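Next comes my_file.cif, with mmCIF, C-alpha atoms and all ligand atoms.
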```cif
data_structure
#
loop_
_atom_site.group_PDB
_atom_site.id
_atom_site.type_symbol
_atom_site.label_atom_id
_atom_site.label_comp_id
_atom_site.auth_asym_id
_atom_site.auth_seq_id
_atom_site.Cartn_x
_atom_site.Cartn_y
_atom_site.Cartn_z
ATOM 1 C CA MET M 1286 87.355 49.148 38.449
ATOM 2 C CA ARG M 1287 86.519 51.753 35.816
ATOM 3 C CA ARG M 1288 85.354 50.283 32.521
ATOM 4 C CA SER M 1289 84.900 51.879 29.144
ATOM 5 C CA LEU M 1290 81.464 52.003 27.540
ATOM 6 C CA LYS M 1291 82.706 49.553 24.896
ATOM 7 C CA GLU M 1292 83.818 47.057 27.573
ATOM 8 C CA SER M 1293 80.481 47.339 29.431
ATOM 9 C CA PHE M 1294 78.594 46.742 26.194
ATOM 10 C CA SER M 1295 80.829 43.782 25.391
ATOM 11 C CA TYR M 1296 80.204 42.135 28.811
ATOM 12 C CA ALA M 1297 76.450 42.703 28.467
ATOM 13 C CA PHE M 1298 76.462 41.244 24.967
ATOM 14 C CA TRP M 1299 78.367 38.147 26.048
ATOM 15 C CA GLY M 1300 75.894 37.759 28.927
ATOM 16 C CA LEU M 1301 73.216 37.500 26.286
ATOM 17 C CA ILE M 1302 75.285 35.002 24.280
ATOM 18 C CA TYR M 1303 75.878 32.956 27.444
ATOM 19 C CA SER M 1304 72.114 32.684 28.119
ATOM 20 C CA LEU M 1305 71.551 31.660 24.530
ATOM 21 C CA ARG M 1306 74.325 29.112 24.657
ATOM 22 C CA THR M 1307 73.331 27.436 27.897
ATOM 23 C CA GLN M 1308 69.530 27.758 28.115
ATOM 24 C CA ARG M 1309 67.484 25.498 25.875
ATOM 25 C CA ASN M 1310 64.376 27.674 26.351
ATOM 26 C CA MET M 1311 66.332 30.756 25.295
ATOM 27 C CA LYS M 1312 67.113 29.106 21.941
ATOM 28 C CA ILE M 1313 63.401 28.431 21.446
ATOM 29 C CA HIS M 1314 62.529 32.065 22.382
ATOM 30 C CA PHE M 1315 65.140 33.417 19.969
ATOM 31 C CA LEU M 1316 63.995 31.280 17.054
ATOM 32 C CA ALA M 1317 60.352 32.162 17.755
ATOM 33 C CA GLY M 1318 61.299 35.882 17.973
ATOM 34 C CA ILE M 1319 63.150 35.809 14.650
ATOM 35 C CA GLY M 1320 60.246 33.918 13.042
ATOM 36 C CA VAL M 1321 57.589 36.335 14.337
ATOM 37 C CA LEU M 1322 59.591 39.463 13.414
ATOM 38 C CA THR M 1323 60.172 38.108 9.906
ATOM 39 C CA LEU M 1324 56.491 37.201 9.514
ATOM 40 C CA SER M 1325 55.397 40.640 10.755
ATOM 41 C CA LEU M 1326 57.197 42.297 7.836
ATOM 42 C CA PHE M 1327 54.557 40.778 5.514
ATOM 43 C CA LEU M 1328 51.461 41.461 7.658
ATOM 44 C CA PRO M 1329 49.338 44.648 7.541
ATOM 45 C CA PHE M 1330 50.668 45.846 10.910
ATOM 46 C CA ASN M 1331 50.094 49.319 12.347
ATOM 47 C CA GLY M 1332 52.404 51.040 14.824
ATOM 48 C CA TYR M 1333 50.702 49.545 17.895
ATOM 49 C CA ASP M 1334 50.919 46.012 16.481
ATOM 50 C CA TYR M 1335 54.671 46.456 16.091
ATOM 51 C CA LEU M 1336 54.944 47.744 19.666
ATOM 52 C CA PHE M 1337 52.997 44.836 21.190
ATOM 53 C CA VAL M 1338 55.051 42.243 19.314
ATOM 54 C CA PHE M 1339 58.311 43.980 20.116
ATOM 55 C CA PHE M 1340 57.580 44.244 23.828
ATOM 56 C CA ALA M 1341 56.311 40.653 24.056
ATOM 57 C CA ILE M 1342 59.546 39.290 22.526
ATOM 58 C CA ALA M 1343 61.739 41.562 24.658
ATOM 59 C CA LEU M 1344 59.882 40.609 27.856
ATOM 60 C CA VAL M 1345 60.383 36.862 27.295
ATOM 61 C CA ILE M 1346 64.098 37.277 26.522
ATOM 62 C CA ILE M 1347 64.673 39.650 29.456
ATOM 63 C CA THR M 1348 62.912 37.387 31.984
ATOM 64 C CA GLU M 1349 64.802 34.326 30.670
ATOM 65 C CA MET M 1350 68.085 36.199 31.181
ATOM 66 C CA ILE M 1351 67.129 37.246 34.724
ATOM 67 C CA ASN M 1352 66.149 33.617 35.392
ATOM 68 C CA THR M 1353 69.583 32.481 34.165
ATOM 69 C CA ALA M 1354 71.299 35.062 36.394
ATOM 70 C CA ILE M 1355 69.285 33.958 39.455
ATOM 71 C CA GLU M 1356 70.020 30.266 38.767
ATOM 72 C CA ALA M 1357 73.763 31.024 38.538
ATOM 73 C CA THR M 1358 73.688 33.093 41.749
ATOM 74 C CA VAL M 1359 71.826 30.378 43.669
ATOM 75 C CA ASP M 1360 74.196 27.654 42.363
ATOM 76 C CA LEU M 1361 77.172 29.807 43.405
ATOM 77 C CA PHE M 1362 75.753 29.970 46.916
ATOM 78 C CA THR M 1363 74.723 26.332 47.318
ATOM 79 C CA LYS M 1364 74.550 23.087 45.359
ATOM 80 C CA ASP M 1365 72.697 21.422 48.250
ATOM 81 C CA TYR M 1366 68.949 21.316 48.523
ATOM 82 C CA HIS M 1367 67.640 24.421 50.266
ATOM 83 C CA ARG M 1368 64.070 25.660 50.602
ATOM 84 C CA LEU M 1369 65.103 29.256 49.809
ATOM 85 C CA ALA M 1370 67.101 28.135 46.759
ATOM 86 C CA LYS M 1371 63.972 26.391 45.497
ATOM 87 C CA ILE M 1372 61.857 29.523 46.102
ATOM 88 C CA ALA M 1373 64.359 31.758 44.253
ATOM 89 C CA LYS M 1374 64.554 29.454 41.222
ATOM 90 C CA ASP M 1375 60.833 28.708 41.094
ATOM 91 C CA VAL M 1376 59.828 32.381 41.344
ATOM 92 C CA ALA M 1377 62.303 33.295 38.572
ATOM 93 C CA ALA M 1378 60.941 30.473 36.399
ATOM 94 C CA GLY M 1379 57.410 31.737 37.148
ATOM 95 C CA ALA M 1380 58.356 35.150 35.745
ATOM 96 C CA VAL M 1381 59.465 33.503 32.466
ATOM 97 C CA LEU M 1382 56.217 31.531 32.365
ATOM 98 C CA LEU M 1383 54.140 34.715 32.759
ATOM 99 C CA ALA M 1384 56.095 36.466 29.996
ATOM 100 C CA ALA M 1385 55.603 33.431 27.734
ATOM 101 C CA ILE M 1386 51.834 33.416 28.421
ATOM 102 C CA ASN M 1387 51.767 37.150 27.606
ATOM 103 C CA SER M 1388 53.510 36.475 24.280
ATOM 104 C CA ILE M 1389 50.961 33.746 23.438
ATOM 105 C CA GLY M 1390 48.217 36.302 24.174
ATOM 106 C CA VAL M 1391 49.896 38.807 21.830
ATOM 107 C CA PHE M 1392 50.178 36.091 19.183
ATOM 108 C CA PHE M 1393 46.436 35.362 19.275
ATOM 109 C CA LEU M 1394 45.227 38.965 19.759
ATOM 110 C CA VAL M 1395 47.637 40.787 17.429
ATOM 111 C CA ILE M 1396 49.177 38.408 14.904
ATOM 112 C CA ILE M 1397 46.426 35.861 14.167
ATOM 113 C CA PRO M 1398 43.796 38.518 13.190
ATOM 114 C CA LYS M 1399 46.305 39.960 10.674
ATOM 115 C CA ILE M 1400 47.272 36.637 9.079
ATOM 116 C CA LYS M 1401 44.544 36.860 6.433
ATOM 117 C CA GLY M 1402 46.181 40.113 5.246
ATOM 118 C CA PHE M 1403 49.493 38.327 4.581
ATOM 119 C CA SER M 1404 51.114 39.701 1.429
ATOM 120 C CA TYR M 1405 54.680 40.169 0.234
ATOM 121 C CA LEU M 1406 53.564 43.672 -0.819
ATOM 122 C CA ASN M 1407 53.147 44.593 2.890
ATOM 123 C CA PHE M 1408 56.909 44.752 3.084
ATOM 124 C CA TYR M 1409 56.694 48.104 1.261
ATOM 125 C CA ARG M 1410 54.274 49.453 3.929
ATOM 126 C CA ILE M 1411 57.123 49.690 6.408
ATOM 127 C CA LYS M 1412 57.854 53.169 5.062
ATOM 128 C CA LEU M 1413 54.505 54.258 6.619
ATOM 129 C CA TYR M 1414 55.992 53.548 10.056
ATOM 130 C CA PRO M 1415 59.608 54.582 9.709
ATOM 131 C CA PHE M 1416 60.423 54.584 13.441
ATOM 132 C CA HIS M 1417 58.690 51.301 14.229
ATOM 133 C CA SER M 1418 60.135 49.721 11.115
ATOM 134 C CA LEU M 1419 63.594 50.879 12.066
ATOM 135 C CA LEU M 1420 63.163 49.384 15.557
ATOM 136 C CA LEU M 1421 61.874 46.172 14.026
ATOM 137 C CA LEU M 1422 64.763 45.879 11.595
ATOM 138 C CA ILE M 1423 67.296 46.676 14.343
ATOM 139 C CA GLY M 1424 65.636 44.017 16.553
ATOM 140 C CA LEU M 1425 65.694 41.475 13.749
ATOM 141 C CA LEU M 1426 69.327 42.211 12.899
ATOM 142 C CA PHE M 1427 70.269 42.074 16.591
ATOM 143 C CA LEU M 1428 68.589 38.697 17.058
ATOM 144 C CA LEU M 1429 70.195 37.333 13.894
ATOM 145 C CA TYR M 1430 73.619 38.718 14.812
ATOM 146 C CA THR M 1431 73.366 37.224 18.308
ATOM 147 C CA PHE M 1432 72.361 33.896 16.825
ATOM 148 C CA ILE M 1433 75.286 33.953 14.368
ATOM 149 C CA SER M 1434 77.719 34.959 17.154
ATOM 150 C CA TYR M 1435 76.318 32.107 19.194
ATOM 151 C CA GLY M 1436 77.161 29.719 16.377
ATOM 152 C CA ARG M 1437 80.700 31.096 16.157
ATOM 153 C CA SER M 1438 81.236 31.006 19.936
ATOM 154 C CA ARG M 1439 80.293 27.320 19.879
ATOM 155 C CA GLY M 1440 83.313 26.841 17.645
ATOM 156 C CA GLY M 1441 85.538 27.988 20.517
ATOM 157 C CA LYS M 1442 85.950 31.635 19.539
ATOM 158 C CA GLY M 1443 83.624 33.050 22.191
ATOM 159 C CA HIS M 1444 84.331 34.388 25.661
ATOM 160 C CA PHE M 1445 82.969 31.306 27.419
HETATM 161 N N1 LIG H 1 69.673 24.064 45.420
HETATM 162 C C1 LIG H 1 68.379 23.766 45.238
HETATM 163 N N2 LIG H 1 67.553 23.611 46.303
HETATM 164 C C2 LIG H 1 66.257 23.327 46.145
HETATM 165 N N3 LIG H 1 65.630 23.173 44.963
HETATM 166 C C3 LIG H 1 66.377 23.318 43.857
HETATM 167 C C4 LIG H 1 67.784 23.625 43.920
HETATM 168 N N4 LIG H 1 68.263 23.717 42.650
HETATM 169 C C5 LIG H 1 67.211 23.481 41.858
HETATM 170 N N5 LIG H 1 66.079 23.250 42.554
HETATM 171 C C6 LIG H 1 64.733 22.954 42.008
HETATM 172 O O1 LIG H 1 64.869 22.362 40.728
HETATM 173 C C7 LIG H 1 64.268 23.198 39.732
HETATM 174 C C8 LIG H 1 65.140 23.207 38.499
HETATM 175 O O2 LIG H 1 66.360 23.832 38.825
HETATM 176 P P1 LIG H 1 67.557 23.951 37.826
HETATM 177 O O3 LIG H 1 68.652 24.722 38.448
HETATM 178 O O4 LIG H 1 67.878 22.616 37.261
HETATM 179 O O5 LIG H 1 66.894 24.851 36.722
HETATM 180 P P2 LIG H 1 66.730 24.469 35.207
HETATM 181 O O6 LIG H 1 66.022 23.158 35.076
HETATM 182 O O7 LIG H 1 68.068 24.619 34.601
HETATM 183 O O8 LIG H 1 65.738 25.630 34.813
HETATM 184 P P3 LIG H 1 65.599 26.265 33.388
HETATM 185 O O9 LIG H 1 64.847 25.244 32.602
HETATM 186 O O10 LIG H 1 64.826 27.534 33.653
HETATM 187 O O11 LIG H 1 67.004 26.524 32.919
HETATM 188 C C9 LIG H 1 64.130 24.572 40.388
HETATM 189 O O12 LIG H 1 63.057 25.317 39.822
HETATM 190 C C10 LIG H 1 63.897 24.212 41.843
HETATM 191 O O13 LIG H 1 62.540 23.889 42.065
#
```

Would you mind writing the structure in this file as structure tokens?
Amino acid sequence: MRRSLKESFSYAFWGLIYSLRTQRNMKIHFLAGIGVLTLSLFLPFNGYDYLFVFFAIALVIITEMINTAIEATVDLFTKDYHRLAKIAKDVAAGAVLLAAINSIGVFFLVIIPKIKGFSYLNFYRIKLYPFHSLLLLIGLLFLLYTFISYGRSRGGKGHF
């Protein structure tokens, strides 16, 4: 079946909403991501700091989504106990754990050392890094929009 680009994007987006809606850990990752991105706007970040934070957040969310997809695939195949089902789910959960540990490392190595430079004036430094700042603002808006859509879809307007 041939799908338009808009349809493909829509399915992908609702896949993200589904993970957010059904996975408790995903809600925690999203809130933490929004919090860290907001905080970073007021820290004396350079371009590399932005990159590390951005990739750490993306990695956690991506692995959580792959974990959700693997769980759904395994459950589609069997609801009974199976050694291979356990391996598939445990390995996928291990990937999320590794990504989460990586993000804790980024928090301590990148964010904590910059905390003492916290200032509302740092918000105006974002013009020094126009590309990174743009990425950061797009990421923040995307996370917020997804979160708001999640709230709306809970009211019965979503695809699921
Ligand atoms: N069909 C199965 N056969 C064997 N073990 C299973 C099976 N389903 C789940 N398990 C075991 O139970 C654990 C939890 O599985 P479950 O599907 O409940 O994931 P979950 O608790 O929803 O995970 P998450 O918190 O990542 O959403 C798995 O990691 C696995 O060890």

Explicit residue set for the PyMOL selection byres (((chain M and resi 1402) around 12) and not hetatm), as a ChimeraX atom specification: /M:1324-1330,1396-1401,1403-1408

Find the residue from M:Ile1372, M:Ile1302, M:Ala1341, M:Leu1290 that sits nearest to ligand LIG 1 (chain H); use all atoms listed in the file when measuring. M:Ile1372

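Computed from the coordinates, the atom CA of M:Leu1383 to atom CA of M:Phe1339 distance equals 16.2 Å.
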
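With distances taken over all atoms listed in the file, M:Leu1336 is the one residue among M:Leu1382, M:Leu1316, M:Ile1347, M:Leu1336 lying closest to M:Leu1419.
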
Residues within 7 Å of ligand LIG 1 (chain H) (only C-alpha atoms and all ligand atoms), as a list of chain:residue names? M:Gln1308, M:Asn1310, M:Asn1352, M:Thr1353, M:Glu1356, M:Val1359, M:Asp1360, M:Thr1363, M:Lys1364, M:Asp1365, M:Tyr1366, M:His1367, M:Arg1368, M:Ala1370, M:Lys1371, M:Ile1372, M:Lys1374, M:Asp1375, M:Ala1378

Separation of atom CA of M:Lys1312 from atom CA of M:Phe1432, in Å and rounded to one decimal: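 That distance, rounded to one decimal, is 8.8 Å.
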
Show which residues sit within 12 Å of M:Met1350, as a PyMOL selection string. Count only C-alpha atoms, and ignore same-chain residues fewer than 6 positions away. chain M and resi 1297-1312+1314-1315+1343-1344+1356-1357+1377-1378+1380-1381

If the PyMOL selection byres (((chain M and resi 1338) around 12) and not hetatm) were run on this exact file, what residues would it hold? Put them as a PDB file with C-alpha atoms, in the frame of the given file.
```pdb
ATOM      1  CA  ALA M1317      60.352  32.162  17.755  1.00  0.00           C
ATOM      2  CA  GLY M1318      61.299  35.882  17.973  1.00  0.00           C
ATOM      3  CA  ILE M1319      63.150  35.809  14.650  1.00  0.00           C
ATOM      4  CA  GLY M1320      60.246  33.918  13.042  1.00  0.00           C
ATOM      5  CA  VAL M1321      57.589  36.335  14.337  1.00  0.00           C
ATOM      6  CA  LEU M1322      59.591  39.463  13.414  1.00  0.00           C
ATOM      7  CA  THR M1323      60.172  38.108   9.906  1.00  0.00           C
ATOM      8  CA  LEU M1324      56.491  37.201   9.514  1.00  0.00           C
ATOM      9  CA  SER M1325      55.397  40.640  10.755  1.00  0.00           C
ATOM     10  CA  LEU M1326      57.197  42.297   7.836  1.00  0.00           C
ATOM     11  CA  PHE M1330      50.668  45.846  10.910  1.00  0.00           C
ATOM     12  CA  ASN M1331      50.094  49.319  12.347  1.00  0.00           C
ATOM     13  CA  GLY M1332      52.404  51.040  14.824  1.00  0.00           C
ATOM     14  CA  TYR M1333      50.702  49.545  17.895  1.00  0.00           C
ATOM     15  CA  ASP M1334      50.919  46.012  16.481  1.00  0.00           C
ATOM     16  CA  TYR M1335      54.671  46.456  16.091  1.00  0.00           C
ATOM     17  CA  LEU M1336      54.944  47.744  19.666  1.00  0.00           C
ATOM     18  CA  PHE M1337      52.997  44.836  21.190  1.00  0.00           C
ATOM     19  CA  PHE M1339      58.311  43.980  20.116  1.00  0.00           C
ATOM     20  CA  PHE M1340      57.580  44.244  23.828  1.00  0.00           C
ATOM     21  CA  ALA M1341      56.311  40.653  24.056  1.00  0.00           C
ATOM     22  CA  ILE M1342      59.546  39.290  22.526  1.00  0.00           C
ATOM     23  CA  ALA M1343      61.739  41.562  24.658  1.00  0.00           C
ATOM     24  CA  LEU M1344      59.882  40.609  27.856  1.00  0.00           C
ATOM     25  CA  VAL M1345      60.383  36.862  27.295  1.00  0.00           C
ATOM     26  CA  ASN M1387      51.767  37.150  27.606  1.00  0.00           C
ATOM     27  CA  SER M1388      53.510  36.475  24.280  1.00  0.00           C
ATOM     28  CA  ILE M1389      50.961  33.746  23.438  1.00  0.00           C
ATOM     29  CA  GLY M1390      48.217  36.302  24.174  1.00  0.00           C
ATOM     30  CA  VAL M1391      49.896  38.807  21.830  1.00  0.00           C
ATOM     31  CA  PHE M1392      50.178  36.091  19.183  1.00  0.00           C
ATOM     32  CA  PHE M1393      46.436  35.362  19.275  1.00  0.00           C
ATOM     33  CA  LEU M1394      45.227  38.965  19.759  1.00  0.00           C
ATOM     34  CA  VAL M1395      47.637  40.787  17.429  1.00  0.00           C
ATOM     35  CA  ILE M1396      49.177  38.408  14.904  1.00  0.00           C
ATOM     36  CA  ILE M1397      46.426  35.861  14.167  1.00  0.00           C
ATOM     37  CA  HIS M1417      58.690  51.301  14.229  1.00  0.00           C
ATOM     38  CA  LEU M1420      63.163  49.384  15.557  1.00  0.00           C
ATOM     39  CA  LEU M1421      61.874  46.172  14.026  1.00  0.00           C
ATOM     40  CA  GLY M1424      65.636  44.017  16.553  1.00  0.00           C
TER      41      GLY M1424
END
```

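Going from atom CA of M:Ile1351 to atom CA of M:Ile1386 covers 17.0 Å.
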